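Visitor: Input file: upload.txt. Contents: compact mmCIF, C-alpha atoms.
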```txt
# COMPACT_ATOMS: atom_id res chain seq x y z
CA LEU A 1 0.00 0.00 0.00
CA GLU A 2 1.04 3.53 -0.77
CA THR A 3 1.88 5.46 2.34
CA VAL A 4 1.16 9.08 3.03
CA PRO A 5 3.83 10.71 5.14
CA GLU A 6 2.87 13.89 3.37
CA ALA A 7 -0.83 13.20 2.85
CA ILE A 8 -1.87 16.30 4.62
CA GLU A 9 0.83 18.90 4.69
CA LYS A 10 0.32 21.98 6.73
CA TRP A 11 1.32 25.30 5.25
CA GLY A 12 4.74 26.53 6.27
CA GLY A 13 6.48 23.23 5.87
CA ARG A 14 5.21 21.55 9.01
CA VAL A 15 4.15 18.04 8.34
CA LEU A 16 1.25 16.46 10.13
CA SER A 17 2.31 12.87 10.47
CA LEU A 18 -0.13 10.23 9.45
CA THR A 19 0.21 6.51 9.43
CA LEU A 20 -2.93 5.59 7.54
CA PRO A 21 -2.38 4.38 4.00
CA THR A 22 -3.78 6.59 1.22
CA ALA A 23 -6.22 3.95 0.07
CA MET A 24 -7.78 3.87 3.51
CA LEU A 25 -8.03 7.65 3.64
CA LYS A 26 -9.81 7.58 0.30
CA LEU A 27 -12.18 4.93 1.60
CA VAL A 28 -13.14 6.99 4.61
CA GLY A 29 -13.50 10.05 2.39
CA MET A 30 -10.62 12.09 3.76
CA ILE A 31 -9.04 12.41 0.33
CA PRO A 32 -11.54 12.86 -2.49
CA ARG A 33 -10.87 10.84 -5.60
CA ALA A 34 -10.20 12.92 -8.72
CA VAL A 35 -12.89 11.04 -10.61
CA ASP A 36 -15.52 12.21 -8.13
CA LEU A 37 -14.76 15.91 -8.37
CA ASP A 38 -17.38 18.12 -9.95
CA PRO A 39 -16.14 19.95 -13.10
CA ALA A 40 -17.42 23.26 -11.67
CA LEU A 41 -15.22 22.75 -8.61
CA LEU A 42 -12.25 21.77 -10.78
CA ARG A 43 -12.70 24.97 -12.77
CA ARG A 44 -12.49 26.96 -9.53
CA LEU A 45 -9.46 24.98 -8.34
CA LEU A 46 -7.83 25.78 -11.69
CA ARG A 47 -8.39 29.46 -10.94
CA ALA A 48 -6.32 29.11 -7.77
CA LYS A 49 -3.65 27.17 -9.64
CA ASP A 50 -3.53 29.90 -12.28
CA ARG A 51 -2.95 32.45 -9.55
CA ILE A 52 -0.01 30.45 -8.20
CA ASP A 53 1.41 30.18 -11.72
CA VAL A 54 1.43 33.90 -12.30
CA ALA A 55 2.67 34.88 -8.83
CA SER A 56 4.60 31.97 -7.35
CA HIS A 57 6.85 34.39 -5.44
CA MET A 58 3.98 35.34 -3.19
CA ALA A 59 3.55 33.81 0.26
CA TRP A 60 0.30 32.02 -0.56
CA THR A 61 -1.63 30.46 2.27
CA VAL A 62 -4.14 27.69 1.86
CA ALA A 63 -6.75 30.15 3.12
CA ASP A 64 -5.96 32.62 0.29
CA LEU A 65 -6.19 29.91 -2.34
CA ALA A 66 -9.28 28.30 -0.83
CA LYS A 67 -11.01 31.66 -1.01
CA ILE A 68 -10.26 31.92 -4.75
CA SER A 69 -11.82 28.49 -5.21
CA GLY A 70 -14.73 29.22 -2.91
CA VAL A 71 -14.21 26.24 -0.59
CA SER A 72 -12.94 25.66 2.95
CA SER A 73 -9.19 25.45 3.53
CA ALA A 74 -9.31 21.80 4.50
CA TYR A 75 -11.37 20.85 1.49
CA PHE A 76 -9.19 22.95 -0.80
CA ALA A 77 -6.00 21.18 0.22
CA ARG A 78 -7.55 17.75 -0.29
CA SER A 79 -9.35 18.48 -3.55
CA PHE A 80 -6.38 20.35 -5.08
CA ARG A 81 -4.23 17.33 -4.43
CA ALA A 82 -6.83 15.03 -5.93
CA ALA A 83 -7.21 17.25 -9.00
CA PHE A 84 -3.58 18.05 -9.76
CA GLY A 85 -1.68 15.19 -8.16
CA VAL A 86 0.33 17.26 -5.70
CA PRO A 87 -0.56 19.18 -2.55
CA PRO A 88 -0.87 22.95 -3.17
CA HIS A 89 2.25 23.94 -1.29
CA ARG A 90 4.36 21.47 -3.23
CA TYR A 91 2.87 22.71 -6.48
CA LEU A 92 3.90 26.23 -5.45
CA LEU A 93 7.39 24.91 -4.73
CA THR A 94 7.73 23.41 -8.21
CA ARG A 95 6.69 26.71 -9.74
CA ARG A 96 9.26 28.60 -7.68
CA ILE A 97 12.03 26.20 -8.64
CA GLU A 98 11.08 26.53 -12.30
CA ARG A 99 11.17 30.34 -12.03
CA ALA A 100 14.52 30.26 -10.28
CA ARG A 101 15.90 27.95 -12.93
CA ALA A 102 14.68 30.24 -15.71
CA LEU A 103 16.23 33.28 -14.02
CA LEU A 104 19.51 31.42 -13.58
CA ARG A 105 19.48 30.55 -17.25
CA ASP A 106 18.17 33.78 -18.76
CA THR A 107 19.55 36.52 -16.51
CA ASP A 108 22.74 37.55 -14.75
CA LEU A 109 20.96 38.20 -11.46
CA SER A 110 22.85 37.11 -8.36
CA ILE A 111 21.76 33.93 -6.60
CA ILE A 112 20.52 35.90 -3.61
CA ASP A 113 18.43 38.20 -5.82
CA ILE A 114 16.93 35.15 -7.52
CA ALA A 115 16.17 33.56 -4.14
CA PHE A 116 14.27 36.63 -2.98
CA GLN A 117 12.56 37.24 -6.32
CA THR A 118 11.23 33.70 -6.40
CA GLY A 119 9.73 33.87 -2.94
CA TRP A 120 12.30 32.49 -0.50
CA ASP A 121 13.17 34.49 2.58
CA SER A 122 16.48 32.73 3.18
CA LEU A 123 19.33 32.05 0.80
CA GLY A 124 20.21 28.88 2.70
CA THR A 125 16.73 27.40 2.40
CA PHE A 126 16.63 28.28 -1.28
CA GLY A 127 19.99 26.70 -2.02
CA ARG A 128 19.24 23.55 -0.07
CA THR A 129 15.76 23.07 -1.51
CA PHE A 130 16.97 23.81 -5.03
CA ARG A 131 19.72 21.24 -4.73
CA ASP A 132 17.42 18.64 -3.22
CA ILE A 133 14.98 19.00 -6.08
CA THR A 134 17.21 19.53 -9.11
CA GLY A 135 20.28 17.66 -7.93
CA GLU A 136 22.51 20.68 -8.60
CA SER A 137 23.34 23.84 -6.70
CA PRO A 138 21.96 27.05 -8.26
CA THR A 139 25.46 28.10 -9.37
CA ALA A 140 26.23 24.72 -10.93
CA LEU A 141 22.89 24.60 -12.70
CA ARG A 142 23.42 28.10 -14.08
CA GLY A 143 26.68 26.93 -15.66
CA ILE A 144 25.05 23.83 -17.15
CA GLU A 145 21.99 25.67 -18.47
CA GLN A 146 23.89 28.59 -19.93
CA SER A 147 26.36 26.39 -21.76
CA ALA A 148 23.62 24.07 -23.07
CA GLY A 149 22.05 26.65 -25.40
CA HIS A 150 18.29 26.53 -25.72
CA ARG A 151 16.02 27.10 -28.65
CA LEU A 152 12.90 27.52 -26.56
CA ASP A 153 12.44 31.20 -27.34
CA ALA A 154 10.21 30.10 -30.21
CA VAL A 155 7.76 28.53 -27.72
CA PRO A 156 5.25 30.73 -25.87
CA HIS A 157 6.58 31.36 -22.42
CA CYS A 158 3.86 29.83 -20.24
CA PHE A 159 4.13 26.46 -21.99
CA VAL A 160 7.88 26.37 -21.41
CA SER A 161 7.36 27.26 -17.75
CA ASP A 162 4.80 24.55 -17.35
CA ALA A 163 6.95 21.92 -19.02
CA ASN A 164 10.08 22.81 -17.06
CA ARG A 165 8.44 22.48 -13.68
CA PRO A 166 10.15 19.76 -11.63
CA ASP A 167 7.92 16.71 -11.40
CA LEU A 168 7.89 16.53 -7.64
CA THR A 169 5.91 13.41 -6.93
CA ILE A 170 7.21 13.07 -3.40
CA ALA A 171 7.67 15.61 -0.63
CA VAL A 172 11.05 17.32 -0.48
CA SER A 173 11.53 16.01 3.06
CA GLU A 174 10.97 12.50 1.75
CA LYS A 175 13.29 13.03 -1.22
CA ARG A 176 15.94 14.32 1.17
CA ARG A 177 15.49 11.31 3.44
CA ARG A 178 15.80 8.84 0.59
CA ALA A 179 18.92 10.57 -0.67
CA ALA A 180 20.40 10.35 2.82
CA ASP A 181 19.48 6.68 3.02
CA GLY A 182 20.96 6.11 -0.42
CA ARG A 183 17.96 4.25 -1.70
CA ASN A 184 15.00 4.85 -3.93
CA ALA A 185 12.69 2.12 -2.73
CA PRO A 186 9.26 3.18 -1.50
CA VAL A 187 9.23 3.74 2.23
CA LYS A 188 7.28 1.29 4.30
CA GLY A 189 5.15 2.25 7.24
CA GLY A 190 4.47 5.61 8.77
CA ALA A 191 5.81 9.09 8.53
CA SER A 192 9.19 10.48 9.35
CA MET B 1 -6.31 27.74 -50.57
CA THR B 2 -7.68 24.26 -51.21
CA GLU B 3 -5.64 22.13 -48.80
CA GLY B 4 -4.95 22.62 -45.12
CA VAL B 5 -6.49 22.38 -41.67
CA GLN B 6 -10.12 23.38 -41.79
CA VAL B 7 -11.56 22.62 -38.34
CA VAL B 8 -9.96 22.14 -34.96
CA GLY B 9 -12.34 21.54 -32.10
CA LEU B 10 -12.37 22.40 -28.43
CA TYR B 11 -14.46 20.71 -25.79
CA VAL B 12 -16.63 23.18 -23.92
CA ARG B 13 -18.90 22.72 -20.92
CA ASP B 14 -21.82 24.63 -22.44
CA GLN B 15 -22.15 25.54 -26.11
CA ASP B 16 -24.38 28.59 -25.55
CA GLU B 17 -21.89 29.95 -23.04
CA ALA B 18 -18.96 29.20 -25.37
CA LEU B 19 -20.72 30.82 -28.31
CA ALA B 20 -21.36 33.99 -26.30
CA PHE B 21 -17.72 34.02 -25.17
CA TYR B 22 -16.06 33.52 -28.55
CA VAL B 23 -18.47 35.76 -30.47
CA GLU B 24 -19.37 38.53 -28.04
CA LYS B 25 -16.12 38.76 -26.07
CA LEU B 26 -13.47 37.74 -28.60
CA GLY B 27 -15.17 38.97 -31.75
CA PHE B 28 -15.37 35.64 -33.62
CA ARG B 29 -18.21 34.92 -36.06
CA VAL B 30 -20.47 31.91 -36.16
CA HIS B 31 -19.60 29.72 -39.14
CA THR B 32 -21.91 26.74 -38.64
CA ASP B 33 -24.50 26.10 -35.96
CA VAL B 34 -26.60 23.08 -36.78
CA GLY B 35 -27.94 20.08 -34.93
CA ASN B 36 -30.88 18.12 -33.70
CA GLU B 37 -32.04 17.30 -30.20
CA ASP B 38 -28.89 16.93 -28.10
CA TYR B 39 -26.39 17.07 -30.93
CA ARG B 40 -25.00 20.42 -32.08
CA TRP B 41 -22.20 21.07 -34.56
CA LEU B 42 -20.99 24.54 -33.71
CA THR B 43 -17.98 26.24 -35.28
CA VAL B 44 -16.79 29.83 -35.13
CA GLN B 45 -14.22 31.77 -37.12
CA HIS B 46 -11.75 34.47 -36.48
CA PRO B 47 -12.83 37.36 -38.76
CA ASP B 48 -9.38 37.48 -40.39
CA GLN B 49 -9.18 33.72 -40.99
CA PRO B 50 -11.96 32.64 -43.32
CA SER B 51 -10.39 29.25 -44.12
CA PHE B 52 -10.22 28.07 -40.51
CA GLN B 53 -13.00 27.08 -38.13
CA LEU B 54 -12.76 26.61 -34.40
CA GLY B 55 -15.21 23.94 -33.26
CA LEU B 56 -16.97 24.36 -29.92
CA PHE B 57 -18.12 20.85 -29.13
CA ARG B 58 -19.64 18.97 -26.23
CA PRO B 59 -18.08 15.65 -25.26
CA GLN B 60 -21.24 13.57 -25.23
CA PRO B 61 -22.79 10.23 -26.05
CA PRO B 62 -22.90 8.52 -28.44
CA SER B 63 -19.59 9.93 -29.76
CA VAL B 64 -18.08 9.06 -26.40
CA ASP B 65 -19.76 7.15 -23.58
CA ALA B 66 -21.27 9.08 -20.68
CA GLU B 67 -18.44 8.32 -18.26
CA THR B 68 -15.80 9.40 -20.78
CA ALA B 69 -17.79 12.58 -21.43
CA LYS B 70 -17.66 13.36 -17.70
CA GLN B 71 -13.93 12.72 -17.61
CA LEU B 72 -13.40 15.02 -20.60
CA ASP B 73 -15.41 17.75 -18.87
CA ARG B 74 -13.13 17.34 -15.85
CA MET B 75 -10.00 17.47 -18.01
CA VAL B 76 -11.11 20.73 -19.60
CA ALA B 77 -12.14 22.21 -16.24
CA LYS B 78 -8.73 21.55 -14.74
CA GLY B 79 -6.88 23.06 -17.68
CA ALA B 80 -5.42 19.78 -18.93
CA MET B 81 -6.19 20.36 -22.61
CA PRO B 82 -3.45 21.30 -25.14
CA PRO B 83 -2.09 24.82 -25.61
CA LEU B 84 -3.91 27.33 -27.81
CA VAL B 85 -2.27 30.42 -29.22
CA MET B 86 -3.84 33.50 -30.77
CA VAL B 87 -1.67 36.03 -32.52
CA VAL B 88 -2.47 39.75 -32.43
CA ASP B 89 -0.81 42.90 -33.75
CA ASP B 90 -0.90 44.64 -30.38
CA CYS B 91 -1.13 42.47 -27.29
CA ARG B 92 -1.75 45.29 -24.82
CA ALA B 93 -4.57 46.71 -26.93
CA ALA B 94 -6.14 43.27 -27.33
CA HIS B 95 -5.80 42.64 -23.60
CA GLN B 96 -7.54 45.92 -22.84
CA ARG B 97 -10.32 45.17 -25.30
CA TYR B 98 -10.87 41.60 -24.13
CA SER B 99 -10.60 42.26 -20.41
CA GLY B 100 -13.00 45.16 -20.85
CA ALA B 101 -15.40 42.62 -22.32
CA GLY B 102 -14.99 40.44 -19.23
CA VAL B 103 -12.45 37.86 -20.43
CA GLU B 104 -10.69 36.08 -17.53
CA PHE B 105 -7.00 36.88 -17.93
CA ILE B 106 -4.64 34.64 -15.99
CA GLN B 107 -1.54 36.59 -16.99
CA GLU B 108 -1.38 40.28 -17.75
CA PRO B 109 0.71 41.36 -20.77
CA VAL B 110 4.44 40.85 -20.20
CA GLU B 111 7.23 41.94 -22.51
CA ARG B 112 9.91 39.32 -23.10
CA PHE B 113 12.05 37.94 -25.90
CA GLY B 114 11.18 40.96 -28.06
CA SER B 115 7.44 40.37 -27.92
CA VAL B 116 4.49 40.87 -25.59
CA ASP B 117 2.27 38.04 -24.38
CA ALA B 118 -0.69 37.50 -22.07
CA SER B 119 -2.91 34.52 -21.19
CA PHE B 120 -6.61 33.99 -20.72
CA ARG B 121 -9.07 31.15 -20.33
CA ASP B 122 -12.45 30.53 -21.84
CA PRO B 123 -15.29 29.82 -19.39
CA SER B 124 -14.76 26.05 -19.72
CA GLY B 125 -11.07 26.23 -18.79
CA ASN B 126 -9.36 26.09 -22.20
CA GLY B 127 -6.21 28.19 -21.94
CA TRP B 128 -5.17 30.68 -24.61
CA LYS B 129 -1.92 32.49 -25.05
CA LEU B 130 -2.26 35.90 -26.61
CA VAL B 131 0.96 36.67 -28.45
CA GLU B 132 2.03 39.77 -30.30
CA ALA B 133 3.28 39.06 -33.81
CA ARG B 134 7.02 39.51 -34.15
```
Step by step, read the file and then write its structure as structure tokens.
Guide:
Amino acid sequence: LETVPEAIEKWGGRVLSLTLPTAMLKLVGMIPRAVDLDPALLRRLLRAKDRIDVASHMAWTVADLAKISGVSSAYFARSFRAAFGVPPHRYLLTRRIERARALLRDTDLSIIDIAFQTGWDSLGTFGRTFRDITGESPTALRGIEQSAGHRLDAVPHCFVSDANRPDLTIAVSEKRRRAADGRNAPVKGGAS
Amino acid sequence: MTEGVQVVGLYVRDQDEALAFYVEKLGFRVHTDVGNEDYRWLTVQHPDQPSFQLGLFRPQPPSVDAETAKQLDRMVAKGAMPPLVMVVDDCRAAHQRYSGAGVEFIQEPVERFGSVDASFRDPSGNGWKLVEAR
């Protein structure tokens, strides 16, 4: 069974540990299944996702986003995850990493300027998270990207942004833990 | 022109709503609007593009089964359909005109790579990029 160490992630990076498997949570209705979501609700969830896309540097709270979608915070977090496959705060994270990566590639801004422009309030957190997700430090990635040469200027910007988002299917804390353990196997049992 | 792409269709949640959006807000014209009972073949045209029709279709039985139709409605509503691009001479002017008409912009005009672009969605969730010709 799939486990959910990050099934319900509280805003601000604090993780509410859970030991129930996802399938069980779905059975008891704690996580809605994507196939049950009403298209009208999905359209409103998309509106919140669009807002993240255009302003991922902002310090979004679940309450802000839930308001855009017209649902409660708790329901927003669960239904967003069901609709888009990742919890809202991790989706925001992937957008920020994509932005940072684009700025590293396309500008000469300093790393610290990029960190602040993309919504981090600490250079250390930015660098660590960036490395955990992309596998490279911001400086190293800048070198790789700038020497690679891209021909993506012919593609409308938002599609490039969308496609370059890291596919973060597990929580960063989990990714970090697996890297530390030197293994990729799914983790058994409860949360860290 | 005798050969080329003639119709590309979008799935929409409501054809009356889509018709009002594409015609009244974006300035398209109705090309074909025919049907019987539940079935309706509806296409619109950009006024400057007489050889191309944009279809505004419902995913519905019997073309697809009822469950698939529901899934397609969900896909559209969560923005999972392919990219659409409209080219304009002046992106900021088009943005002003469209947003004045009530179009939901998800990105205001931004200048980059020597052009200006913006993004909007139709009521169903189909996403359009509005790009200034270079």
Visitor: Take atom CA of Pro88 of chain A and atom CA of Gly119 of chain A and report the distance between them in Å, one decimal.
Guide: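 Interatomic distance here is 15.2 Å.
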Visitor: Just the number, please: distance in Å from atom CA of Met58 of chain A to atom CA of Asp121 of chain A, one decimal.
Guide: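 One can read the atom CA of Met58 of chain A to atom CA of Asp121 of chain A distance as 10.9 Å.
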Visitor: Calculated over all atoms listed in the file, which of the candidates A:Ile133, A:Ile111, A:Val160, A:Leu168 has the smallest distance to chain B?
Guide: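 Distance minimum relative to chain B lands on A:Val160.
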Visitor: Would you write out, as CSV, a table of all residues in segment 27-76 of chain A that have an atom no more than 6 Å from an atom of segment 70-92 of chain B, listing for each the closest atom pair and the distance in Å to one decimal, considering all atoms listed in the file and ordering rows by chain and rising residue number?
Guide:
```
residue,atom,partner,partner_atom,distance
A:Pro39,CA,B:Arg74,CA,4.8
A:Leu42,CA,B:Lys78,CA,5.3
A:Arg43,CA,B:Ala77,CA,4.5
A:Leu46,CA,B:Lys78,CA,5.3
```
Visitor: Please identify all residues of chain A having at least one atom at most 8 Å from any atom of chain B, considering only C-alpha atoms, and return them as a PDB file with C-alpha atoms, keeping the file's coordinate frame.
Guide:
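The result, written out as part.pdb:
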```pdb
ATOM      1  CA  VAL A  35     -12.890  11.040 -10.610  1.00  0.00           C
ATOM      2  CA  LEU A  37     -14.760  15.910  -8.370  1.00  0.00           C
ATOM      3  CA  ASP A  38     -17.380  18.120  -9.950  1.00  0.00           C
ATOM      4  CA  PRO A  39     -16.140  19.950 -13.100  1.00  0.00           C
ATOM      5  CA  ALA A  40     -17.420  23.260 -11.670  1.00  0.00           C
ATOM      6  CA  LEU A  42     -12.250  21.770 -10.780  1.00  0.00           C
ATOM      7  CA  ARG A  43     -12.700  24.970 -12.770  1.00  0.00           C
ATOM      8  CA  LEU A  45      -9.460  24.980  -8.340  1.00  0.00           C
ATOM      9  CA  LEU A  46      -7.830  25.780 -11.690  1.00  0.00           C
ATOM     10  CA  ASP A  50      -3.530  29.900 -12.280  1.00  0.00           C
ATOM     11  CA  ARG A  51      -2.950  32.450  -9.550  1.00  0.00           C
ATOM     12  CA  VAL A  54       1.430  33.900 -12.300  1.00  0.00           C
ATOM     13  CA  ALA A  83      -7.210  17.250  -9.000  1.00  0.00           C
ATOM     14  CA  PHE A  84      -3.580  18.050  -9.760  1.00  0.00           C
ATOM     15  CA  ASP A 153      12.440  31.200 -27.340  1.00  0.00           C
ATOM     16  CA  PRO A 156       5.250  30.730 -25.870  1.00  0.00           C
ATOM     17  CA  CYS A 158       3.860  29.830 -20.240  1.00  0.00           C
ATOM     18  CA  PHE A 159       4.130  26.460 -21.990  1.00  0.00           C
TER      19      PHE A 159
END
```
Visitor: In terms of the shortest atom-to-atom distance over all atoms listed in the file, which of B:Pro50, B:Gly27, B:Pro109, B:Pro61 is closest to His157 of chain A?
Guide: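 Smallest separation from His157 of chain A among the options: B:Pro109.
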